[in-house]
file target29.txt (compact mmCIF, C-alpha atoms)
# COMPACT_ATOMS: atom_id res chain seq x y z
CA MET A 1090 -14.05 -40.98 -107.63
CA LYS A 1091 -15.52 -41.18 -104.16
CA SER A 1092 -17.38 -44.33 -103.13
CA SER A 1093 -21.11 -43.95 -102.48
CA TYR A 1094 -21.02 -46.81 -99.98
CA PHE A 1095 -21.85 -46.01 -96.37
CA PRO A 1096 -22.59 -48.50 -93.58
CA LYS A 1097 -26.26 -49.08 -92.78
CA LYS A 1098 -25.60 -49.18 -89.05
CA ILE A 1099 -23.17 -47.13 -86.95
CA THR A 1100 -22.36 -47.97 -83.32
CA LEU A 1101 -22.16 -44.78 -81.27
CA ALA A 1102 -20.10 -44.56 -78.07
CA THR A 1103 -21.33 -41.82 -75.75
CA ILE A 1104 -22.71 -41.03 -72.29
CA GLU A 1105 -26.07 -39.53 -71.31
CA LEU A 1106 -25.74 -35.98 -70.07
CA GLY A 1107 -28.67 -33.62 -69.54
CA SER A 1108 -29.19 -31.20 -72.41
CA ILE A 1109 -26.09 -32.42 -74.26
CA MET A 1110 -27.00 -36.04 -75.02
CA THR A 1111 -30.31 -37.77 -74.25
CA ILE A 1112 -31.18 -41.28 -75.44
CA LYS A 1113 -34.60 -42.89 -75.97
CA LYS A 1114 -35.48 -46.19 -77.61
CA VAL A 1115 -38.77 -46.17 -79.53
CA ASP A 1116 -39.84 -49.20 -81.63
CA ASN A 1117 -36.32 -50.66 -81.41
CA LYS A 1118 -34.84 -47.44 -82.80
CA TYR A 1119 -32.77 -44.92 -80.89
CA GLU A 1120 -33.90 -41.30 -80.77
CA LEU A 1121 -31.23 -38.88 -79.63
CA GLY A 1122 -31.77 -35.44 -78.13
CA GLY A 1123 -29.65 -32.62 -76.78
CA VAL A 1124 -27.04 -30.64 -78.68
CA GLU A 1125 -24.75 -33.57 -79.55
CA GLY A 1126 -27.72 -35.91 -80.00
CA LYS A 1127 -29.29 -33.62 -82.61
CA LEU A 1128 -25.99 -33.54 -84.46
CA VAL A 1129 -25.78 -37.35 -84.68
CA GLN A 1130 -29.49 -37.60 -85.57
CA CYS A 1131 -28.99 -35.12 -88.41
CA LEU A 1132 -26.01 -37.11 -89.73
CA SER A 1133 -28.12 -40.28 -89.52
CA GLU A 1134 -30.91 -38.79 -91.62
CA LYS A 1135 -28.55 -37.26 -94.19
CA LEU A 1136 -26.33 -40.33 -94.65
CA ASP A 1137 -29.14 -42.86 -94.10
CA PHE A 1138 -27.73 -45.04 -91.35
CA GLU A 1139 -29.21 -46.55 -88.20
CA ILE A 1140 -27.76 -45.80 -84.77
CA GLU A 1141 -26.75 -48.41 -82.23
CA VAL A 1142 -25.80 -46.84 -78.87
CA LEU A 1143 -23.05 -48.17 -76.63
CA LEU A 1144 -22.66 -46.23 -73.36
CA SER A 1145 -19.19 -45.67 -71.94
CA PRO A 1146 -18.72 -48.34 -69.23
CA ASP A 1147 -17.02 -45.93 -66.81
CA ASP A 1148 -19.16 -42.84 -67.64
CA GLU A 1149 -16.05 -40.96 -68.74
CA ILE A 1150 -15.25 -39.14 -71.96
CA VAL A 1151 -11.54 -39.88 -71.95
CA SER A 1152 -9.04 -41.06 -69.35
CA ASP A 1153 -5.39 -41.94 -69.88
CA LEU A 1154 -4.66 -45.47 -68.61
CA GLY A 1155 -0.98 -45.30 -69.59
CA ASN A 1156 1.00 -47.19 -72.24
CA GLY A 1157 -1.01 -45.52 -75.01
CA THR A 1158 -4.35 -46.96 -73.87
CA TYR A 1159 -7.42 -44.99 -72.89
CA GLY A 1160 -10.65 -45.38 -70.95
CA GLY A 1161 -14.03 -43.77 -71.50
CA ILE A 1162 -15.48 -43.15 -74.97
CA VAL A 1163 -12.02 -43.03 -76.54
CA GLY A 1164 -11.19 -46.41 -75.01
CA VAL A 1165 -14.35 -47.97 -76.54
CA LEU A 1166 -13.29 -46.71 -79.99
CA GLN A 1167 -9.69 -47.79 -79.48
CA ARG A 1168 -10.82 -51.35 -78.75
CA GLY A 1169 -12.97 -51.35 -81.90
CA GLU A 1170 -16.24 -51.80 -79.98
CA ALA A 1171 -17.84 -48.72 -81.62
CA ASP A 1172 -17.47 -46.73 -84.83
CA MET A 1173 -18.26 -43.19 -83.66
CA GLY A 1174 -17.68 -41.33 -80.41
CA VAL A 1175 -19.54 -38.14 -79.50
CA LEU A 1176 -19.60 -35.83 -76.48
CA GLY A 1177 -17.38 -32.77 -76.60
CA LEU A 1178 -14.26 -34.77 -77.52
CA THR A 1179 -11.28 -32.46 -77.98
CA ILE A 1180 -8.65 -32.79 -80.70
CA SER A 1181 -5.21 -33.63 -79.30
CA GLU A 1182 -2.02 -35.12 -80.67
CA GLU A 1183 -1.85 -37.82 -77.99
CA VAL A 1184 -5.40 -39.12 -78.53
CA SER A 1185 -4.91 -39.07 -82.34
CA GLU A 1186 -2.64 -42.11 -81.91
CA ALA A 1187 -5.68 -44.10 -80.71
CA VAL A 1188 -8.59 -42.68 -82.73
CA ASP A 1189 -9.29 -40.48 -85.76
CA PHE A 1190 -10.97 -37.06 -85.68
CA SER A 1191 -13.56 -35.41 -87.88
CA VAL A 1192 -13.37 -31.78 -88.92
CA PRO A 1193 -13.69 -29.40 -85.90
CA ILE A 1194 -17.28 -28.65 -84.94
CA SER A 1195 -16.82 -26.24 -82.02
CA THR A 1196 -14.39 -24.90 -79.42
CA LEU A 1197 -14.16 -25.44 -75.69
CA GLU A 1198 -12.69 -22.81 -73.38
CA VAL A 1199 -11.87 -24.48 -70.06
CA THR A 1200 -12.40 -22.01 -67.23
CA PHE A 1201 -13.37 -22.19 -63.55
CA LEU A 1202 -16.38 -21.06 -61.55
CA THR A 1203 -16.68 -19.62 -58.07
CA LYS A 1204 -19.66 -18.47 -56.06
CA GLU A 1205 -20.81 -14.92 -56.78
CA PRO A 1206 -18.99 -12.90 -54.08
CA GLY A 1207 -21.15 -11.31 -51.41
CA GLU A 1208 -20.69 -7.94 -49.77
CA MET A 1209 -17.93 -7.47 -47.22
CA PRO A 1210 -19.26 -7.11 -43.64
CA LYS A 1211 -20.11 -3.52 -42.78
CA VAL A 1212 -19.19 -3.90 -39.11
CA SER A 1213 -15.48 -3.77 -39.97
CA ALA A 1214 -15.94 -1.18 -42.73
CA PHE A 1215 -13.80 1.37 -40.87
CA ALA A 1216 -10.69 -0.63 -41.84
CA TYR A 1217 -11.49 -0.95 -45.57
CA PRO A 1218 -10.62 2.52 -46.96
CA PHE A 1219 -6.85 1.92 -46.59
CA SER A 1220 -4.86 -1.18 -47.40
CA LEU A 1221 -2.82 -2.89 -44.71
CA ASP A 1222 0.39 -1.30 -46.02
CA VAL A 1223 -1.14 2.19 -45.83
CA TRP A 1224 -2.36 1.58 -42.27
CA PHE A 1225 1.14 0.53 -41.19
CA LEU A 1226 2.67 3.56 -42.92
CA TYR A 1227 0.11 5.86 -41.29
CA ALA A 1228 0.81 4.43 -37.81
CA PHE A 1229 4.57 4.73 -38.38
CA MET A 1230 4.14 8.35 -39.46
CA ILE A 1231 2.19 9.16 -36.26
CA LEU A 1232 4.87 7.57 -34.08
CA VAL A 1233 7.65 9.48 -35.86
CA ALA A 1234 5.69 12.74 -35.54
CA THR A 1235 5.14 12.01 -31.82
CA ILE A 1236 8.87 11.62 -31.10
CA LEU A 1237 9.88 14.51 -33.34
CA PHE A 1238 7.33 16.95 -31.87
CA GLN A 1239 8.14 15.94 -28.30
CA ARG A 1240 11.81 16.74 -28.85
CA ILE A 1241 11.74 19.89 -30.98
CA MET A 1242 8.18 21.30 -31.17
CA PHE A 1243 6.55 21.16 -27.74
CA ARG A 1244 7.71 22.87 -24.54
CA ASN A 1245 8.46 20.36 -21.76
CA ALA A 1246 5.99 17.79 -23.14
CA THR A 1247 5.96 14.13 -22.11
CA LEU A 1248 6.02 11.42 -24.77
CA LEU A 1249 2.44 10.47 -23.91
CA GLY A 1250 1.36 14.08 -24.05
CA SER A 1251 3.03 14.53 -27.43
CA PHE A 1252 1.29 11.38 -28.73
CA LEU A 1253 -2.14 12.57 -27.56
CA SER A 1254 -1.60 15.99 -29.14
CA VAL A 1255 -0.53 14.46 -32.49
CA LEU A 1256 -3.46 12.05 -32.39
CA GLY A 1257 -5.84 14.89 -31.54
CA SER A 1258 -4.63 16.93 -34.54
CA ILE A 1259 -5.81 14.12 -36.83
CA ALA A 1260 -9.27 14.50 -35.27
CA SER A 1261 -9.19 18.30 -35.95
CA GLN A 1262 -8.17 19.23 -32.38
CA ALA A 1263 -5.94 22.26 -31.78
CA MET A 1264 -2.28 21.71 -30.82
CA GLU A 1265 -1.01 23.84 -27.93
CA ASN A 1266 2.34 24.51 -26.28
CA VAL A 1267 4.08 24.79 -29.69
CA ARG A 1268 7.35 26.70 -29.93
CA GLU A 1269 7.10 29.68 -32.28
CA THR A 1270 10.08 29.79 -34.65
CA PRO A 1271 10.05 30.15 -38.48
CA TRP A 1272 11.44 26.67 -39.32
CA ARG A 1273 9.19 25.04 -36.69
CA ARG A 1274 6.21 26.74 -38.29
CA VAL A 1275 7.13 25.12 -41.63
CA LEU A 1276 7.34 21.70 -39.97
CA PHE A 1277 4.11 22.38 -38.11
CA GLY A 1278 2.36 23.42 -41.36
CA LEU A 1279 3.52 20.24 -43.14
CA TRP A 1280 2.12 18.11 -40.37
CA LEU A 1281 -1.22 19.98 -40.30
CA ALA A 1282 -1.51 19.51 -44.08
CA THR A 1283 -0.92 15.78 -43.64
CA ALA A 1284 -3.32 15.60 -40.69
CA THR A 1285 -5.98 17.27 -42.87
CA VAL A 1286 -5.48 15.38 -46.14
CA MET A 1287 -5.28 11.84 -44.73
CA PRO A 1288 -8.60 12.02 -42.80
CA PHE A 1289 -10.18 13.61 -45.89
CA PHE A 1290 -9.12 10.66 -48.07
CA TYR A 1291 -10.25 8.24 -45.39
CA ASN A 1292 -13.70 9.83 -45.00
CA THR A 1293 -14.23 9.97 -48.76
CA SER A 1294 -13.35 6.29 -49.21
CA PHE A 1295 -15.35 5.32 -46.15
CA LEU A 1296 -18.51 7.02 -47.40
CA SER A 1297 -17.98 5.50 -50.85
CA PHE A 1298 -17.80 2.05 -49.29
CA LEU A 1299 -21.01 2.56 -47.31
CA THR A 1300 -22.74 3.75 -50.48
CA MET A 1301 -21.40 0.93 -52.68
CA PRO A 1302 -19.98 -1.86 -50.48
CA GLU A 1303 -16.99 -3.86 -51.69
CA LYS A 1304 -17.34 -7.51 -52.67
CA VAL A 1305 -15.57 -10.31 -50.83
CA PRO A 1306 -12.45 -11.08 -52.91
CA VAL A 1307 -12.51 -14.42 -54.79
CA PRO A 1308 -9.94 -15.92 -57.19
CA ARG A 1309 -10.32 -14.42 -60.66
CA THR A 1310 -7.38 -16.03 -62.49
CA PHE A 1311 -5.73 -19.46 -62.42
CA LYS A 1312 -2.71 -17.89 -60.69
CA GLU A 1313 -4.92 -16.57 -57.88
CA LEU A 1314 -6.79 -19.90 -57.73
CA SER A 1315 -3.53 -21.85 -57.46
CA ASP A 1316 -2.31 -19.61 -54.62
CA ALA A 1317 -5.65 -19.94 -52.79
CA VAL A 1318 -5.68 -23.75 -53.15
CA LEU A 1319 -2.04 -24.16 -52.08
CA SER A 1320 -2.68 -21.98 -49.00
CA GLY A 1321 -5.67 -24.14 -48.03
CA LYS A 1322 -8.29 -21.42 -48.54
CA TYR A 1323 -9.98 -23.07 -51.53
CA LYS A 1324 -10.69 -26.48 -53.04
CA CYS A 1325 -10.73 -27.01 -56.81
CA LEU A 1326 -12.92 -29.72 -58.38
CA THR A 1327 -12.52 -31.16 -61.87
CA PRO A 1328 -15.14 -33.20 -63.81
CA LYS A 1329 -14.66 -36.96 -63.61
CA GLU A 1330 -16.06 -37.29 -67.14
CA ALA A 1331 -13.11 -35.31 -68.53
CA VAL A 1332 -10.40 -34.91 -65.89
CA HIS A 1333 -8.33 -31.80 -66.58
CA THR A 1334 -5.43 -32.65 -64.28
CA ASP A 1335 -3.39 -33.91 -67.25
CA LEU A 1336 -3.80 -30.51 -68.92
CA LEU A 1337 -2.76 -28.72 -65.73
CA ARG A 1338 0.31 -30.90 -65.16
CA ALA A 1339 1.35 -30.48 -68.82
CA SER A 1340 1.33 -26.68 -68.50
CA THR A 1341 4.52 -24.63 -68.75
CA ASN A 1342 3.39 -22.54 -65.77
CA GLU A 1343 4.57 -23.85 -62.41
CA TYR A 1344 1.44 -22.69 -60.58
CA MET A 1345 -0.72 -24.69 -63.04
CA VAL A 1346 1.38 -27.82 -62.43
CA LYS A 1347 1.08 -27.46 -58.65
CA LEU A 1348 -2.68 -26.97 -58.94
CA GLY A 1349 -3.00 -30.14 -61.01
CA GLU A 1350 -0.89 -32.12 -58.56
CA ILE A 1351 -2.92 -31.14 -55.49
CA ILE A 1352 -6.22 -31.87 -57.30
CA GLU A 1353 -4.96 -35.32 -58.25
CA LYS A 1354 -3.55 -35.98 -54.78
CA ASN A 1355 -6.87 -35.17 -53.05
CA ASN A 1356 -9.02 -36.76 -55.78
CA TRP A 1357 -11.19 -33.64 -56.04
CA LEU A 1358 -13.81 -34.73 -58.60
CA TYR A 1359 -17.43 -33.95 -59.43
CA SER A 1360 -19.88 -35.20 -62.05
CA TYR A 1361 -21.73 -33.24 -64.73
CA ALA A 1362 -24.81 -35.29 -63.84
CA GLU A 1363 -25.05 -33.89 -60.29
CA GLN A 1364 -26.00 -30.42 -59.08
CA PHE A 1365 -22.36 -29.40 -59.00
CA THR A 1366 -23.16 -25.73 -58.38
CA ASP A 1367 -24.13 -26.76 -54.82
CA HIS A 1368 -20.42 -27.31 -54.14
CA LEU A 1369 -19.87 -23.58 -54.59
CA ASP A 1370 -21.57 -22.80 -51.27
CA ASP A 1371 -18.18 -23.59 -49.71
CA PRO A 1372 -14.88 -21.98 -50.75
CA VAL A 1373 -14.72 -24.17 -53.86
CA ALA A 1374 -13.83 -23.56 -57.50
CA VAL A 1375 -15.09 -25.84 -60.28
CA LEU A 1376 -13.22 -26.46 -63.54
CA ILE A 1377 -15.61 -26.60 -66.49
CA ALA A 1378 -15.79 -25.78 -70.19
CA LYS A 1379 -17.64 -22.53 -70.78
CA LYS A 1380 -20.12 -23.99 -73.27
CA VAL A 1381 -20.84 -27.00 -71.04
CA PHE A 1382 -21.64 -24.58 -68.20
CA LYS A 1383 -23.85 -22.53 -70.51
CA ILE A 1384 -25.86 -25.62 -71.51
CA LEU A 1385 -26.09 -27.39 -68.15
CA VAL A 1386 -26.48 -24.42 -65.81
CA GLY A 1387 -27.36 -21.27 -67.73
CA SER A 1388 -25.96 -17.82 -67.15
CA PRO A 1389 -26.37 -14.91 -64.68
CA PRO A 1390 -28.60 -13.47 -63.25
CA TYR A 1391 -30.36 -16.83 -62.90
CA VAL A 1392 -27.26 -18.49 -61.48
CA SER A 1393 -25.14 -16.78 -58.84
CA VAL A 1394 -21.69 -17.84 -60.04
CA LYS A 1395 -18.64 -16.00 -61.29
CA VAL A 1396 -16.62 -17.14 -64.31
CA SER A 1397 -12.83 -16.68 -64.20
CA ASP A 1398 -11.11 -13.99 -66.25
CA ASP A 1399 -8.72 -16.37 -68.02
CA TYR A 1400 -8.75 -19.88 -69.47
CA LEU A 1401 -6.88 -23.09 -68.79
CA GLY A 1402 -6.85 -23.51 -72.55
CA VAL A 1403 -8.93 -23.49 -75.74
CA TRP A 1404 -9.47 -26.72 -77.68
CA HIS A 1405 -11.38 -27.71 -80.82
CA THR A 1406 -14.02 -30.43 -80.44
CA ALA A 1407 -14.80 -33.07 -83.04
CA ILE A 1408 -16.42 -36.45 -83.60
CA ASN A 1409 -14.08 -39.36 -82.94
CA TRP A 1410 -13.84 -42.42 -85.21
CA ARG A 1411 -12.22 -45.77 -84.68
CA LYS A 1412 -9.06 -46.27 -86.68
CA GLY A 1413 -9.77 -47.61 -90.18
CA PHE A 1414 -13.38 -46.40 -90.42
CA CYS A 1415 -14.22 -46.32 -94.10
CA CYS A 1416 -16.22 -43.18 -94.70
CA ARG A 1417 -14.82 -40.27 -92.69
CA GLU A 1418 -14.58 -38.02 -95.74
CA ARG A 1419 -18.32 -38.27 -96.47
CA VAL A 1420 -19.18 -37.45 -92.87
CA ASP A 1421 -16.76 -34.51 -92.90
CA GLU A 1422 -18.55 -33.04 -95.94
CA VAL A 1423 -21.90 -33.10 -94.11
CA LEU A 1424 -20.36 -31.84 -90.87
CA TYR A 1425 -18.66 -28.97 -92.67
CA ARG A 1426 -22.01 -27.82 -94.08
CA LEU A 1427 -23.77 -28.18 -90.72
CA VAL A 1428 -21.16 -26.20 -88.83
CA ASN A 1429 -20.80 -23.43 -91.39
CA SER A 1430 -24.56 -23.02 -91.73
CA GLY A 1431 -24.72 -22.25 -87.99
CA LEU A 1432 -27.04 -25.15 -87.16
CA TYR A 1433 -24.81 -26.57 -84.43
CA GLU A 1434 -24.46 -23.18 -82.68
CA LYS A 1435 -28.23 -22.68 -83.01
CA TRP A 1436 -28.88 -26.01 -81.24
CA LEU A 1437 -26.47 -24.99 -78.52
CA ASP A 1438 -28.10 -21.56 -78.04
CA ASP A 1439 -31.61 -23.09 -78.09
CA SER A 1440 -30.67 -25.58 -75.39
CA ALA A 1441 -29.08 -22.88 -73.23
CA PHE A 1442 -32.12 -20.62 -73.76
CA LEU A 1443 -34.55 -23.32 -72.60
CA GLY A 1444 -32.49 -23.87 -69.47
CA LYS A 1445 -32.49 -20.15 -68.72
CA LEU A 1446 -36.23 -19.92 -69.48
CA TYR A 1447 -37.07 -22.54 -66.85
CA LYS A 1448 -34.91 -20.72 -64.31
CA ARG A 1449 -36.55 -17.41 -65.24
CA LEU A 1450 -39.98 -18.88 -64.55
CA GLU A 1451 -38.79 -20.06 -61.14
CA VAL A 1452 -37.58 -16.59 -60.13
CA LYS A 1453 -40.19 -14.68 -58.12
CA HIS A 1454 -40.41 -10.94 -58.67
CA GLU A 1455 -39.71 -8.98 -55.52
CA GLU A 1456 -39.91 -5.24 -55.06
CA PRO A 1457 -36.54 -3.89 -53.96
CA GLU A 1458 -36.40 -2.70 -50.36
CA MET A 1459 -35.34 0.95 -50.31
CA GLN A 1460 -35.59 1.62 -46.56
CA LEU A 1461 -32.64 1.39 -44.20
CA THR A 1462 -32.51 -1.64 -41.93
CA LEU A 1463 -30.85 -2.25 -38.58
CA GLU A 1464 -28.22 -4.30 -40.42
CA ASP A 1465 -27.30 -1.21 -42.49
CA LEU A 1466 -26.95 0.93 -39.35
CA LYS A 1467 -25.07 -1.67 -37.29
CA MET A 1468 -21.66 -0.27 -38.14
CA ALA A 1469 -22.73 3.31 -37.33
CA PHE A 1470 -23.99 2.30 -33.89
CA PHE A 1471 -20.87 0.20 -33.36
CA ALA A 1472 -18.62 3.21 -34.04
CA LEU A 1473 -20.82 5.45 -31.83
CA PHE A 1474 -20.64 3.10 -28.85
CA ILE A 1475 -16.85 2.75 -29.19
CA GLY A 1476 -16.50 6.54 -29.26
CA LEU A 1477 -18.72 6.95 -26.20
CA ALA A 1478 -16.78 4.25 -24.34
CA LEU A 1479 -13.45 5.93 -25.10
CA SER A 1480 -14.86 9.30 -24.00
CA PHE A 1481 -16.07 7.78 -20.75
CA LEU A 1482 -12.65 6.20 -20.10
CA ALA A 1483 -10.99 9.58 -20.72
CA PHE A 1484 -13.41 11.19 -18.26
CA LEU A 1485 -12.63 8.59 -15.61
CA ALA A 1486 -8.91 9.06 -16.16
CA GLU A 1487 -9.23 12.83 -15.62
CA GLN A 1488 -11.16 12.27 -12.42
CA LEU A 1489 -9.17 9.42 -10.90
CA ILE A 1490 -5.56 10.21 -11.82
CA PRO A 1491 -4.01 12.42 -9.16
CA ARG A 1492 -3.21 15.97 -10.20
CA ARG A 1493 0.49 15.51 -9.44
CA PHE A 1494 0.75 12.94 -12.27
CA ASP A 1495 0.72 15.32 -15.17
CA ILE A 1496 0.83 13.25 -18.35
CA PHE A 1497 1.23 16.24 -20.66
CA TYR A 1498 4.13 18.17 -19.12
CA SER A 1499 7.44 16.92 -17.79
call {"tool": "encode", "arguments": {"input": "target29.txt", "output": "structure tokens"}}
result
Amino acid sequence: MKSSYFPKKITLATIELGSIMTIKKVDNKYELGGVEGKLVQCLSEKLDFEIEVLLSPDDEIVSDLGNGTYGGIVGVLQRGEADMGVLGLTISEEVSEAVDFSVPISTLEVTFLTKEPGEMPKVSAFAYPFSLDVWFLYAFMILVATILFQRIMFRNATLLGSFLSVLGSIASQAMENVRETPWRRVLFGLWLATATVMPFFYNTSFLSFLTMPEKVPVPRTFKELSDAVLSGKYKCLTPKEAVHTDLLRASTNEYMVKLGEIIEKNNWLYSYAEQFTDHLDDPVAVLIAKKVFKILVGSPPYVSVKVSDDYLGVWHTAINWRKGFCCRERVDEVLYRLVNSGLYEKWLDDSAFLGKLYKRLEVKHEEPEMQLTLEDLKMAFFALFIGLALSFLAFLAEQLIPRRFDIFYS
């Protein structure tokens, strides 16, 4: 037979955090708000106990101090200074040696955020249709065709003349001085097919890019993020309230371990309490649980951030209890009903909705600009001026180079 006894007062270890946990004291009684606050308040009303709040002295959820001791909320419970700990505490085998857990109430998927990528600059758009490997292959093919045609296709042609003829064929210019034999015609036809198809693919991709510009590439997976951080292109910040470096260094993937080590070495931390999305203006990634981000920040289009495609891990969250607390089973019964009725998820969605609603009210409606601007035409003028400059240089060369220096015929 289960005991009906339950303590009249419970000491709660937590930290204040925006829409997740808010604390007010009215008439010597604590009133809690936010997602986690509503959960504790509901338990208080159902089980008829008063709440005494004890804030984490270091404003952390959990930190490993070594030798089986912990800081943050878990440390307060481990020392017996509080009965209950609440704020997205995850269930883990290591922490279970110091505190007890309730039934799971939710899940946390730890991911990372980057700034929403902008459009790639249109000035250099002429290089985008082909990858670097294709450009090298294309240049190598032109050089091979130049040498081959100079030796077996053209009559008494110089190497420079052969190169200019091959290059001109790519720009739909006729090739002259070609020897007429059956097998040379086959070779000539193969080259003309190549010289026609490659510019066609290029023009198609180029026009597609101008119509729908590419986005600047940003890390999308933890593997890409690790490579970017190790190469010095990106920084990666982790929340000081729940440092994830231990999770990274405990990973079986080498790139995760290296990422955790460099974060710890540089002490790259941020706080949930600050406007941490401002860090994303630089090449910075931010580690955060997906639900925490949803509550504290909101979701696109009211925030210009990009969530990674994979997760660092998925953990269950629960309420933590000091070892030896008498009535965990009674609390678990109430928690089980709350979670399965959908109340906890409703509080989470309501909080996220309010955050998005405020951001929606701040967004000013603007009519989209449909006309072309000088910025849109910059690349076109850039290409035109380069073409005119090259044409002018060719004209000068024809006028200034003496006739006896024939660059086309040997």
call {"tool": "closest_atom_pairs", "arguments": {"input": "target29.txt", "of": "stretch 1187-1234 of chain A", "to": "stretch 1176-1181 of chain A", "cutoff": "10 Å", "atoms": "only C-alpha atoms", "output": "Markdown table"}}
result
| residue | atom | partner | partner_atom | distance |
| --- | --- | --- | --- | --- |
| A:Asp1189 | CA | A:Ile1180 | CA | 9.2 |
| A:Phe1190 | CA | A:Ile1180 | CA | 7.0 |
| A:Ser1191 | CA | A:Ile1180 | CA | 9.1 |
| A:Val1192 | CA | A:Ile1180 | CA | 9.5 |
| A:Pro1193 | CA | A:Ile1180 | CA | 8.0 |
| A:Ile1194 | CA | A:Gly1177 | CA | 9.3 |
| A:Ser1195 | CA | A:Gly1177 | CA | 8.5 |
| A:Thr1196 | CA | A:Thr1179 | CA | 8.3 |
| A:Leu1197 | CA | A:Thr1179 | CA | 7.9 |
call {"tool": "write_last_selection", "arguments": {"input": "target29.txt", "atoms": "C-alpha atoms", "output": "compact mmCIF listing (two decimals), keeping the file's coordinate frame"}}
result
# COMPACT_ATOMS: atom_id res chain seq x y z
CA ASP A 1189 -9.29 -40.48 -85.76
CA PHE A 1190 -10.97 -37.06 -85.68
CA SER A 1191 -13.56 -35.41 -87.88
CA VAL A 1192 -13.37 -31.78 -88.92
CA PRO A 1193 -13.69 -29.40 -85.90
CA ILE A 1194 -17.28 -28.65 -84.94
CA SER A 1195 -16.82 -26.24 -82.02
CA THR A 1196 -14.39 -24.90 -79.42
CA LEU A 1197 -14.16 -25.44 -75.69
call {"tool": "residues_around", "arguments": {"input": "target29.txt", "residues": "stretch 1379-1387 of chain A", "least_positions_apart": "4", "cutoff": "9 Å", "atoms": "all atoms listed in the file", "output": "ChimeraX atom specification"}}
result
/A:1106-1109,1124,1177,1196-1201,1361,1366,1391-1392,1396,1437-1438,1440-1445,1448
call {"tool": "closest_residue", "arguments": {"input": "target29.txt", "among": "A:Ile1112, A:Leu1128, A:Leu1121, A:Val1142", "to": "A:Leu1424", "atoms": "all atoms listed in the file"}}
result
A:Leu1128
call {"tool": "atom_distance", "arguments": {"input": "target29.txt", "atom1": "atom CA of A:Ala1284", "atom2": "atom CA of A:Ser1258"}}
result
6.4 Å
call {"tool": "closest_residue", "arguments": {"input": "target29.txt", "among": "A:Asp1439, A:Glu1422, A:Asp1147, A:Glu1330", "to": "A:Ile1377", "atoms": "only C-alpha atoms"}}
result
A:Glu1330
call {"tool": "closest_residue", "arguments": {"input": "target29.txt", "among": "A:Ile1259, A:Trp1404, A:Val1305, A:Leu1369", "to": "A:Glu1182", "atoms": "only C-alpha atoms"}}
result
A:Trp1404
call {"tool": "atom_distance", "arguments": {"input": "target29.txt", "atom1": "atom CA of A:Ile1408", "atom2": "atom CA of A:Gly1157"}}
result
19.8 Å
call {"tool": "closest_residue", "arguments": {"input": "target29.txt", "among": "A:Ala1331, A:Ile1241, A:Leu1463, A:Ile1140", "to": "A:Val1267", "atoms": "only C-alpha atoms"}}
result
A:Ile1241
call {"tool": "atom_distance", "arguments": {"input": "target29.txt", "atom1": "atom CA of A:His1333", "atom2": "atom CA of A:Thr1100"}}
result
27.2 Å
call {"tool": "residues_around", "arguments": {"input": "target29.txt", "residues": "stretch 1222-1232 of chain A", "least_positions_apart": "2", "cutoff": "10 Å", "atoms": "only C-alpha atoms", "output": "ChimeraX atom specification"}}
result
/A:1216,1218-1220,1234-1238,1251-1252,1255-1256,1259,1280,1283-1284,1287
call {"tool": "axis_aligned_box", "arguments": {"input": "target29.txt", "around": "stretch 1370-1383 of chain A", "padding_each_side": "4 Å", "output": "lines of an AutoDock Vina configuration file"}}
result
center_x = -18.5
center_y = -24.5
center_z = -61.5
size_x = 18.6
size_y = 13.0
size_z = 31.6
call {"tool": "residues_around", "arguments": {"input": "target29.txt", "residues": "A:Arg1426", "least_positions_apart": "3", "cutoff": "12 Å", "atoms": "all atoms listed in the file", "output": "list in words"}}
result
Leu1128, Cys1131, Leu1132, Lys1135, Val1192, Pro1193, Ile1194, Arg1419, Val1420, Asp1421, Glu1422, Val1423, Asn1429, Ser1430, Gly1431, Leu1432 and Tyr1433 of chain A
call {"tool": "closest_residue", "arguments": {"input": "target29.txt", "among": "A:Glu1269, A:Glu1350, A:Asp1172, A:Asp1370", "to": "A:Leu1336", "atoms": "all atoms listed in the file"}}
result
A:Glu1350
call {"tool": "decode", "arguments": {"input": "target29.txt", "residues": "stretch 1121-1125 of chain A", "atoms": "N, CA, C and O atoms", "output": "PDB file, in the first residue's frame"}}
result
ATOM      1  N   LEU A1121       5.569  30.533 -10.424  1.00  0.00           N
ATOM      2  CA  LEU A1121       6.473  30.153 -11.503  1.00  0.00           C
ATOM      3  C   LEU A1121       5.765  30.258 -12.846  1.00  0.00           C
ATOM      4  O   LEU A1121       4.582  29.935 -12.968  1.00  0.00           O
ATOM      5  N   GLY A1122       6.505  30.703 -13.853  1.00  0.00           N
ATOM      6  CA  GLY A1122       5.976  30.788 -15.211  1.00  0.00           C
ATOM      7  C   GLY A1122       6.922  30.141 -16.196  1.00  0.00           C
ATOM      8  O   GLY A1122       7.975  29.619 -15.822  1.00  0.00           O
ATOM      9  N   GLY A1123       6.566  30.183 -17.458  1.00  0.00           N
ATOM     10  CA  GLY A1123       7.355  29.494 -18.470  1.00  0.00           C
ATOM     11  C   GLY A1123       6.973  28.026 -18.555  1.00  0.00           C
ATOM     12  O   GLY A1123       6.177  27.522 -17.757  1.00  0.00           O
ATOM     13  N   VAL A1124       7.553  27.326 -19.515  1.00  0.00           N
ATOM     14  CA  VAL A1124       7.184  25.926 -19.750  1.00  0.00           C
ATOM     15  C   VAL A1124       7.483  25.062 -18.528  1.00  0.00           C
ATOM     16  O   VAL A1124       6.607  24.355 -18.005  1.00  0.00           O
ATOM     17  N   GLU A1125       8.726  25.112 -18.036  1.00  0.00           N
ATOM     18  CA  GLU A1125       9.098  24.296 -16.884  1.00  0.00           C
ATOM     19  C   GLU A1125       8.423  24.808 -15.616  1.00  0.00           C
ATOM     20  O   GLU A1125       8.064  24.023 -14.727  1.00  0.00           O
TER      21      GLU A1125
END
